[in-house]
Amino acid sequence: MKVWIGRDVFEDLLEQARTLAPLETGGVLMGWRRGGDRIVMGTIGPGPKALHGRHMFLPDHAWQVARINEAFAASGGDLDYLGDWHTHPESEAELSGLDRRTLQKLGRKIADSLMLIAAPAGGWHANAWTQPRGRLFHPAPAERCELAVFDVPSDWPRLISTPRA
Ligand SMILES: [Zn+2]
C-alpha cells in the first residue's frame, strides 16, 4: 500500500510530535481511499483528555470520534478515517509489540487501517504500516507502507481545520 501525505499535513504532524516530546502524542489520519492508495489530507489531534506519558499515549477517543464525525459531515462524506498515528520520542519509528496488537485489533474493525509512527532519531521522520485482512485465527503480519509526501494542489478540498484539543 502507498500512503500519500500532504506536505503541510505531515509538517504539522511532526510539529505536534516535537512540541510534546519527550512525551508521546498522536491522533487520527483523515483522507481518501483510492484503490490500494491512501491520501492523508488532515489529522485530528489527541484531544483534551488524552494521556501523554514517556512510554504511553492514550487518546481522548470520545473527543476524536466527535471530530471525525464533524470532518465527515463538513466534507459531505468525502473524508474517511484512515487510521491513527503516534510518536515514539525515545525510540524508533517502528512498531512495538503493543502497536502490532493494537493494529491487529483495529484491522479487524476497519479493513486496511493505517498506523503511522514518528520518531526523532536523525530528525523527526515517520513510517507507516497497514494490517492486511487475515484468516480467522491466523492474523496476517503488519505490512510496511511506502510513505510519499506530496504538495497538495491548492484547489483540492481540505480538512477545514486541524483540531488538536
Ligand atoms: Zn507505539
# chains A, B, ... in the order shown; residues from 1 in each chain; ligands from 1
$ residues_near_ligand --ligand "ligand 1" --cutoff "12 Å" --atoms "only C-alpha atoms and all ligand atoms" --output "ChimeraX atom specification"
/A:24-26,53-58,84-103,115-119,126-129
$ select_by_dssp --residues "chain A" --states "strand (DSSP E)" --output "PyMOL selection string"
chain A and resi 2-6+26-34+37-44+51-52+57-58+80-87+114-119+125-130+143-144+146-150
$ closest_residue --among "A:Gln131, A:Leu29, A:Pro59, A:Phe72" --to "Met41 in chain A" --atoms "only C-alpha atoms"
A:Leu29
$ atom_distance --atom1 "CA of Glu143 in chain A" --atom2 "CA of Ala111 in chain A"
12.9 Å
$ atom_distance --atom1 "CA of Gly47 in chain A" --atom2 "CA of Val9 in chain A"
17.4 Å
$ closest_residue --among "A:Pro153, A:Gly77, A:Pro120, A:Gly134" --to "Trp32 in chain A" --atoms "only C-alpha atoms"
A:Gly77
$ select_by_dssp --residues "range 104-144 of chain A" --states "helix (DSSP H, G or I)" --output "list in words"
Gln104, Lys105, Leu106, Gly107, Arg108 and Lys109 of chain A
$ closest_residue --among "A:Arg108, A:Glu15, A:Ala148, A:Trp124" --to "Asp37 in chain A" --atoms "only C-alpha atoms"
A:Ala148
$ closest_residue --among "A:Ala142, A:Ala121, A:Leu13, A:Leu79" --to "Leu106 in chain A" --atoms "only C-alpha atoms"
A:Ala142
$ closest_residue --among "A:Asp112, A:Asp151, A:Glu146, A:Asp12" --to "Arg133 in chain A" --atoms "only C-alpha atoms"
A:Asp112
$ closest_residue --among "A:Pro157, A:Leu20, A:Pro48, A:Gly107" --to "Arg135 in chain A" --atoms "only C-alpha atoms"
A:Gly107
